[in-house]
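K.L.:
Okay, handing you the structure first.
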Amino acid sequence: MGQKAYPKPAKVVDNQICEPIAKYSASVNQTNLFNDAVKTSGKDIRVMELFAGVGGFRIGLERASERYKTVWSSQWEPSTKTQDASNIYQLRFGVEGHSNQDIATVPVEEMATANLLVGGFPCQDYSVASTLKRSGGIEGKKGVLWWQIHRILRDSKNPPKYLMLENVDRLLKSPVKQRGRDFAIILASLADLGYSVEWRVINAADYGMPQRRRRTYMVAYKEGTSLAKTSTKNDAENWILETGIMAQAFKCEKSAKAKLNEFEINGDLVEVSNEFNKGQKNSPFFTAGFMSKRKVCTFDVTPIYKGKCLTLGELLVDEKDVPASFYIDEKELPKWEYQKGGKSEKRVTAEGFEYNYSEGPMAFPDFLDKPSRTIITGEGGKGASRFKHVIQTKDGRYRRLVPIELERLNMFPDNHTKEASDLRRAFLMGNALVTGIVTAIGEQLLKWI
């Protein structure tokens, strides 16, 4: 039996939601129902969404089940006065229980109690700056948001029993000078707080979703939960391949040349920060793994998927709905062709240093019969770019993707970000995740909570 195909994003034609995807769209809470959400019952799973963006985790979880109720959320962009993401989040889900301030300034006591903490925390340098005399705690580098998650888990009277986290795939290999150190710090700190962790690097397109986007996803569960008890009773390799949350959500098999790596993360967090994998060229962490009590089992896996695969071409809007500004003037095409083409040339730095530069060609225009390339934050704007998507229409013209199409590639509802400018909408989708990943994990986690 092949794994089920994930439903298409909500697509509107002539003001009607297309079949067979009406149920998928209708399952999303698009109205201001936040007050209802915070009035939870005993069966509800109370969710805290950190670094919420425009609500990707929330959308994915609500599609998985109505039991997931977001009771507290936080989104704050430090480098801009206009808080587009937070504003959109509040417009879609309501203002109650939402924080738009630096999370480092919010006392844990002012946050709602939750069963599940979710968040796509930024990829930064996670090194430990120093030990603290008070409380025997630790202090990460200033401004690193991972340590805010750590603070919430450490200081809450009733910390969340379950975590669902997302980060870039290179997290497993960073930093360059000490491969794997950052991930080791995260795993060790969670172990010290009583959590077991499983992880998987997932390319959404490998499981039928419409975008090639590789990200590291983690699920953690607190000691004493049935999930933690069951995981530790299982063989770690079997948990990764067959019975764990990730294995059930995203079928896989051990890669043909996979190396099984089992080890323990030793030392306090400062020692891990300073010494872990020092002097080694490669990270000890692979694309799938499990950690309990600092004991790690990890190896590379290959996806197993036989369902429907969504393509870029399936998610395009009708050409009559594309603004003229998204079409590329014929005079500008040479600039795009240069950016997309292969290069081998000499370049000069601002300081006058000459160097050889080379890069391979990219598809131009983008393939319509395949999942899209990864959306980046610089997707918006008219200027020619190597990384922006460009498609060719049936009449032979070239154009960029409109915001609704970018939303669909992340499996968001149409016009979820419509209040922002086209440029900012592209930026917000470049920062977002593919919500179908969250839905799949949420469906499996639901069986245990």
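Here's how to read the names in the structure tokens: chain A, B, ... by the order shown, residue numbers from 1 in each chain, ligand numbers from 1 in the order shown.
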Let's see if you can do this: from backbone DSSP, list all helix (DSSP H, G or I) residues in region 275-415 of chain A, as JSON, numbers by chain.

P.N.:
{"A": [275, 312, 313, 314, 315, 319, 320, 321, 324, 325, 326, 330, 331, 332, 333, 334, 335, 336, 337, 338, 339, 340, 377, 378, 379, 403, 404, 405, 406, 407, 408, 409]}

K.L.:
Dump as JSON lines the rows for residues of region 325-361 of chain A within 8 Å of region 386-410 of chain A: closest atom pair and distance in Å with one decimal, only C-alpha atoms counted, ordered by chain and rising residue number.

P.N.:
```
{"residue": "A:Phe326", "atom": "CA", "partner": "A:Arg400", "partner_atom": "CA", "distance": 5.4}
{"residue": "A:Tyr327", "atom": "CA", "partner": "A:Arg399", "partner_atom": "CA", "distance": 4.1}
{"residue": "A:Ile328", "atom": "CA", "partner": "A:Arg399", "partner_atom": "CA", "distance": 5.4}
{"residue": "A:Trp336", "atom": "CA", "partner": "A:Arg386", "partner_atom": "CA", "distance": 7.3}
{"residue": "A:Gln339", "atom": "CA", "partner": "A:Arg386", "partner_atom": "CA", "distance": 4.7}
{"residue": "A:Lys340", "atom": "CA", "partner": "A:Arg386", "partner_atom": "CA", "distance": 4.9}
```

K.L.:
For Ser358 (chain A), please output as a ChimeraX atom specification all residues within 8 Å (counting only C-alpha atoms; exclusion window: fewer than 6 positions along the same chain).

P.N.:
/A:342-345

K.L.:
Give me the residues near Arg213 (chain A) as a list in words, where near means some atom within 6 Å (using only C-alpha atoms) and where sequence neighbours in that chain fewer than 3 positions away do not count.

P.N.:
Asn203, Ala204 and Thr374 of chain A

K.L.:
Just write the chosen residues, all heavy atoms, as an mmCIF file, in the first residue's frame.

P.N.:
```cif
data_model
loop_
_atom_site.group_PDB
_atom_site.id
_atom_site.type_symbol
_atom_site.label_atom_id
_atom_site.label_comp_id
_atom_site.auth_asym_id
_atom_site.auth_seq_id
_atom_site.Cartn_x
_atom_site.Cartn_y
_atom_site.Cartn_z
ATOM 1 N N ASN A 203 12.242 16.513 2.780
ATOM 2 C CA ASN A 203 11.979 17.310 1.586
ATOM 3 C C ASN A 203 10.501 17.126 1.275
ATOM 4 O O ASN A 203 10.056 16.019 0.958
ATOM 5 C CB ASN A 203 12.842 16.835 0.418
ATOM 6 C CG ASN A 203 12.646 17.672 -0.835
ATOM 7 O OD1 ASN A 203 11.682 18.425 -0.961
ATOM 8 N ND2 ASN A 203 13.552 17.546 -1.772
ATOM 9 N N ALA A 204 9.721 18.188 1.377
ATOM 10 C CA ALA A 204 8.265 18.086 1.222
ATOM 11 C C ALA A 204 7.871 17.422 -0.091
ATOM 12 O O ALA A 204 6.900 16.662 -0.148
ATOM 13 C CB ALA A 204 7.639 19.478 1.333
ATOM 14 N N THR A 374 12.676 25.612 -4.041
ATOM 15 C CA THR A 374 12.424 26.225 -2.737
ATOM 16 C C THR A 374 12.135 27.716 -2.881
ATOM 17 O O THR A 374 12.871 28.436 -3.553
ATOM 18 C CB THR A 374 13.644 26.038 -1.822
ATOM 19 O OG1 THR A 374 13.929 24.641 -1.711
ATOM 20 C CG2 THR A 374 13.384 26.613 -0.439
#
```

K.L.:
Extract the full set of strand (DSSP E) residues from region 155-229 of chain A according to DSSP on the backbone, and format it as number ranges by chain.

P.N.:
A: 162-168, 195-203, 214-222

K.L.:
With a distance cut-off of 7 Å and only C-alpha atoms, select the neighbouring residues of Ile441 (chain A), excluding the residue or stretch itself and same-chain residues fewer than 6 positions from it, and output the selection as a ChimeraX atom specification.

P.N.:
/A:245-246,249

K.L.:
What's the separation between CA of Lys161 (chain A) and CA of Leu117 (chain A), in Å to one decimal place?

P.N.:
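Spanning CA of Lys161 (chain A) to CA of Leu117 (chain A) is a straight-line distance of 8.2 Å.
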
K.L.:
Under the rule of at most 8 Å, produce a per-residue listing of region 255-347 of chain A near region 168-192 of chain A: chain, number, name, the closest pair of atoms, and the distance in Å, as JSON lines, using only C-alpha atoms.

P.N.:
```
{"residue": "A:Ile265", "atom": "CA", "partner": "A:Ala188", "partner_atom": "CA", "distance": 6.7}
{"residue": "A:Leu269", "atom": "CA", "partner": "A:Ile185", "partner_atom": "CA", "distance": 6.5}
{"residue": "A:Val272", "atom": "CA", "partner": "A:Ile185", "partner_atom": "CA", "distance": 6.4}
{"residue": "A:Ser273", "atom": "CA", "partner": "A:Arg181", "partner_atom": "CA", "distance": 6.4}
{"residue": "A:Phe276", "atom": "CA", "partner": "A:Arg181", "partner_atom": "CA", "distance": 5.7}
{"residue": "A:Asn277", "atom": "CA", "partner": "A:Gln178", "partner_atom": "CA", "distance": 6.1}
{"residue": "A:Lys278", "atom": "CA", "partner": "A:Gln178", "partner_atom": "CA", "distance": 5.4}
{"residue": "A:Gly279", "atom": "CA", "partner": "A:Gln178", "partner_atom": "CA", "distance": 6.9}
{"residue": "A:Gln280", "atom": "CA", "partner": "A:Arg179", "partner_atom": "CA", "distance": 7.1}
{"residue": "A:Lys281", "atom": "CA", "partner": "A:Arg179", "partner_atom": "CA", "distance": 6.9}
{"residue": "A:Asn282", "atom": "CA", "partner": "A:Arg179", "partner_atom": "CA", "distance": 5.9}
{"residue": "A:Ser283", "atom": "CA", "partner": "A:Arg179", "partner_atom": "CA", "distance": 4.7}
{"residue": "A:Pro284", "atom": "CA", "partner": "A:Gly180", "partner_atom": "CA", "distance": 6.6}
{"residue": "A:Phe285", "atom": "CA", "partner": "A:Leu172", "partner_atom": "CA", "distance": 6.0}
{"residue": "A:Phe286", "atom": "CA", "partner": "A:Leu172", "partner_atom": "CA", "distance": 7.3}
{"residue": "A:Met291", "atom": "CA", "partner": "A:Leu187", "partner_atom": "CA", "distance": 7.3}
{"residue": "A:Ser292", "atom": "CA", "partner": "A:Ala191", "partner_atom": "CA", "distance": 6.6}
{"residue": "A:Lys293", "atom": "CA", "partner": "A:Ala191", "partner_atom": "CA", "distance": 5.4}
{"residue": "A:Arg294", "atom": "CA", "partner": "A:Ala191", "partner_atom": "CA", "distance": 5.8}
```

K.L.:
Go ahead and dump the residues you just picked, all heavy atoms, as a short mmCIF file (atom, residue, chain, number, x, y, z; two decimals), in the first residue's frame.

P.N.:
```cif
data_model
loop_
_atom_site.label_atom_id
_atom_site.label_comp_id
_atom_site.auth_asym_id
_atom_site.auth_seq_id
_atom_site.Cartn_x
_atom_site.Cartn_y
_atom_site.Cartn_z
N ILE A 265 26.21 12.10 24.09
CA ILE A 265 26.66 13.49 24.17
C ILE A 265 27.08 13.74 25.62
O ILE A 265 26.24 13.80 26.52
CB ILE A 265 25.55 14.47 23.76
CG1 ILE A 265 25.06 14.14 22.35
CG2 ILE A 265 26.06 15.91 23.82
CD1 ILE A 265 23.84 14.94 21.92
N LEU A 269 26.65 21.66 29.28
CA LEU A 269 26.38 22.34 28.03
C LEU A 269 27.53 23.23 27.56
O LEU A 269 27.76 23.39 26.36
CB LEU A 269 25.08 23.14 28.13
CG LEU A 269 23.81 22.31 28.31
CD1 LEU A 269 22.60 23.21 28.35
CD2 LEU A 269 23.67 21.28 27.19
N VAL A 272 29.92 20.85 25.96
CA VAL A 272 29.40 20.45 24.64
C VAL A 272 29.66 21.56 23.63
O VAL A 272 30.11 21.32 22.51
CB VAL A 272 27.90 20.13 24.72
CG1 VAL A 272 27.34 19.88 23.32
CG2 VAL A 272 27.65 18.92 25.61
N SER A 273 29.39 22.79 24.06
CA SER A 273 29.58 23.94 23.18
C SER A 273 31.04 24.09 22.76
O SER A 273 31.34 24.39 21.60
CB SER A 273 29.12 25.21 23.90
OG SER A 273 29.27 26.35 23.08
N PHE A 276 32.40 19.56 21.53
CA PHE A 276 31.73 18.52 20.77
C PHE A 276 32.25 18.45 19.33
O PHE A 276 32.27 19.44 18.60
CB PHE A 276 30.21 18.76 20.75
CG PHE A 276 29.45 17.68 20.03
CD1 PHE A 276 29.11 16.50 20.67
CD2 PHE A 276 29.10 17.83 18.68
CE1 PHE A 276 28.43 15.50 20.01
CE2 PHE A 276 28.41 16.83 18.01
CZ PHE A 276 28.08 15.66 18.68
N ASN A 277 32.69 17.26 18.93
CA ASN A 277 33.13 16.96 17.55
C ASN A 277 34.25 17.89 17.06
O ASN A 277 34.43 18.08 15.86
CB ASN A 277 31.95 17.04 16.59
CG ASN A 277 32.16 16.17 15.36
OD1 ASN A 277 32.73 15.07 15.45
ND2 ASN A 277 31.71 16.63 14.20
N LYS A 278 34.99 18.44 17.98
CA LYS A 278 36.05 19.38 17.62
C LYS A 278 37.12 18.69 16.79
O LYS A 278 37.57 17.60 17.11
CB LYS A 278 36.67 19.97 18.90
CG LYS A 278 37.42 21.26 18.70
CD LYS A 278 37.75 21.90 20.04
CE LYS A 278 38.43 23.25 19.86
NZ LYS A 278 38.70 23.89 21.18
N GLY A 279 37.52 19.33 15.69
CA GLY A 279 38.57 18.81 14.85
C GLY A 279 38.12 17.80 13.81
O GLY A 279 38.92 17.33 13.01
N GLN A 280 36.82 17.47 13.80
CA GLN A 280 36.29 16.50 12.84
C GLN A 280 35.73 17.21 11.60
O GLN A 280 35.18 18.30 11.70
CB GLN A 280 35.21 15.65 13.49
CG GLN A 280 35.68 14.88 14.71
CD GLN A 280 36.81 13.92 14.39
OE1 GLN A 280 36.74 13.15 13.44
NE2 GLN A 280 37.87 13.99 15.19
N LYS A 281 35.84 16.56 10.45
CA LYS A 281 35.38 17.17 9.21
C LYS A 281 33.88 17.00 8.99
O LYS A 281 33.25 17.82 8.31
CB LYS A 281 36.14 16.57 8.02
CG LYS A 281 37.63 16.91 8.00
CD LYS A 281 38.29 16.32 6.77
CE LYS A 281 39.77 16.69 6.72
NZ LYS A 281 40.44 16.11 5.53
N ASN A 282 33.32 15.93 9.52
CA ASN A 282 31.91 15.61 9.25
C ASN A 282 31.08 15.62 10.52
O ASN A 282 31.57 15.32 11.61
CB ASN A 282 31.80 14.24 8.58
CG ASN A 282 32.53 14.19 7.26
OD1 ASN A 282 32.40 15.09 6.43
ND2 ASN A 282 33.31 13.13 7.06
N SER A 283 29.80 15.92 10.36
CA SER A 283 28.87 15.87 11.49
C SER A 283 28.53 14.42 11.82
O SER A 283 28.41 13.59 10.91
CB SER A 283 27.58 16.63 11.14
OG SER A 283 26.60 16.41 12.14
N PRO A 284 28.35 14.09 13.09
CA PRO A 284 27.95 12.74 13.46
C PRO A 284 26.45 12.51 13.31
O PRO A 284 25.98 11.39 13.50
CB PRO A 284 28.35 12.65 14.94
CG PRO A 284 28.23 14.06 15.43
CD PRO A 284 28.63 14.93 14.28
N PHE A 285 25.70 13.56 12.97
CA PHE A 285 24.25 13.45 12.84
C PHE A 285 23.85 13.24 11.38
O PHE A 285 24.35 13.93 10.48
CB PHE A 285 23.56 14.71 13.38
CG PHE A 285 23.82 14.97 14.82
CD1 PHE A 285 24.64 16.03 15.22
CD2 PHE A 285 23.27 14.16 15.80
CE1 PHE A 285 24.89 16.27 16.56
CE2 PHE A 285 23.52 14.39 17.15
CZ PHE A 285 24.33 15.44 17.54
N PHE A 286 22.91 12.29 11.17
CA PHE A 286 22.45 12.01 9.82
C PHE A 286 20.98 12.43 9.68
O PHE A 286 20.42 13.06 10.58
CB PHE A 286 22.67 10.53 9.50
CG PHE A 286 24.13 10.16 9.48
CD1 PHE A 286 24.69 9.44 10.54
CD2 PHE A 286 24.95 10.54 8.43
CE1 PHE A 286 26.03 9.10 10.53
CE2 PHE A 286 26.29 10.21 8.42
CZ PHE A 286 26.84 9.49 9.47
N MET A 291 17.09 10.39 20.15
CA MET A 291 17.94 10.64 21.31
C MET A 291 17.11 10.52 22.57
O MET A 291 16.03 11.07 22.67
CB MET A 291 18.54 12.05 21.23
CG MET A 291 19.51 12.41 22.35
SD MET A 291 18.75 12.92 23.94
CE MET A 291 17.65 14.24 23.44
N SER A 292 17.63 9.77 23.54
CA SER A 292 17.01 9.68 24.86
C SER A 292 18.12 9.63 25.89
O SER A 292 19.09 8.86 25.74
CB SER A 292 16.14 8.43 24.97
OG SER A 292 15.55 8.34 26.25
N LYS A 293 18.01 10.46 26.92
CA LYS A 293 19.01 10.54 27.99
C LYS A 293 20.42 10.73 27.41
O LYS A 293 21.40 10.14 27.86
CB LYS A 293 18.95 9.29 28.87
CG LYS A 293 17.60 9.11 29.57
CD LYS A 293 17.62 7.93 30.49
CE LYS A 293 16.25 7.66 31.09
NZ LYS A 293 15.70 8.77 31.86
N ARG A 294 20.48 11.56 26.38
CA ARG A 294 21.73 11.94 25.70
C ARG A 294 22.34 10.82 24.86
O ARG A 294 23.43 11.00 24.29
CB ARG A 294 22.77 12.48 26.69
CG ARG A 294 22.42 13.82 27.31
CD ARG A 294 23.70 14.45 27.79
NE ARG A 294 23.50 15.77 28.41
CZ ARG A 294 24.45 16.67 28.46
NH1 ARG A 294 25.63 16.43 27.93
NH2 ARG A 294 24.25 17.84 29.04
#
```

K.L.:
Name the residues in contact with Ala258 (chain A) at a cut-off of 7 Å, using only C-alpha atoms, excluding same-chain residues fewer than 3 positions from it; report them as a ChimeraX atom specification.

P.N.:
/A:254-255,299-300

K.L.:
Can you list, as a tab-separated table (two decimals) with N, CA and C atoms, in the first residue's frame, every protein, DNA or RNA residue that comes within 7 Å of region 308-313 of chain A when you count only C-alpha atoms, leaving out same-chain residues fewer than 5 positions away?

P.N.:
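Saved the output as result37.tsv:
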```tsv
chain	number	residue	atom	x	y	z
A	5	ALA	N	-1.90	10.34	-0.57
A	5	ALA	CA	-1.51	11.62	-1.14
A	5	ALA	C	-2.05	12.74	-0.28
A	208	GLY	N	4.94	14.06	-1.98
A	208	GLY	CA	3.82	14.49	-2.81
A	208	GLY	C	3.44	15.94	-2.71
A	209	MET	N	4.15	16.72	-1.93
A	209	MET	CA	3.80	18.12	-1.75
A	209	MET	C	4.44	18.98	-2.85
A	210	PRO	N	3.92	20.19	-3.09
A	210	PRO	CA	4.27	20.89	-4.32
A	210	PRO	C	5.56	21.71	-4.32
A	368	LEU	N	6.96	23.01	-15.15
A	368	LEU	CA	5.59	23.00	-14.65
A	368	LEU	C	5.13	21.61	-14.25
A	369	ASP	N	5.83	20.58	-14.72
A	369	ASP	CA	5.42	19.20	-14.45
A	369	ASP	C	6.15	18.59	-13.26
A	370	LYS	N	6.81	19.44	-12.46
A	370	LYS	CA	7.52	18.99	-11.27
A	370	LYS	C	7.17	19.90	-10.10
A	371	PRO	N	7.45	19.47	-8.87
A	371	PRO	CA	7.32	20.40	-7.74
A	371	PRO	C	8.24	21.59	-7.94
A	372	SER	N	7.89	22.71	-7.33
A	372	SER	CA	8.70	23.92	-7.51
A	372	SER	C	10.01	23.81	-6.75
```

K.L.:
Just to confirm, what's the straight-line distance from CA of Pro78 (chain A) to CA of Asp102 (chain A) in Å (one decimal)?

P.N.:
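Between CA of Pro78 (chain A) and CA of Asp102 (chain A) the gap works out to 7.4 Å.
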
K.L.:
Figure out the distance between CA of Glu62 (chain A) and CA of Thr435 (chain A), please, to one decimal in Å.

P.N.:
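Here the two named atoms are 10.2 Å from each other.
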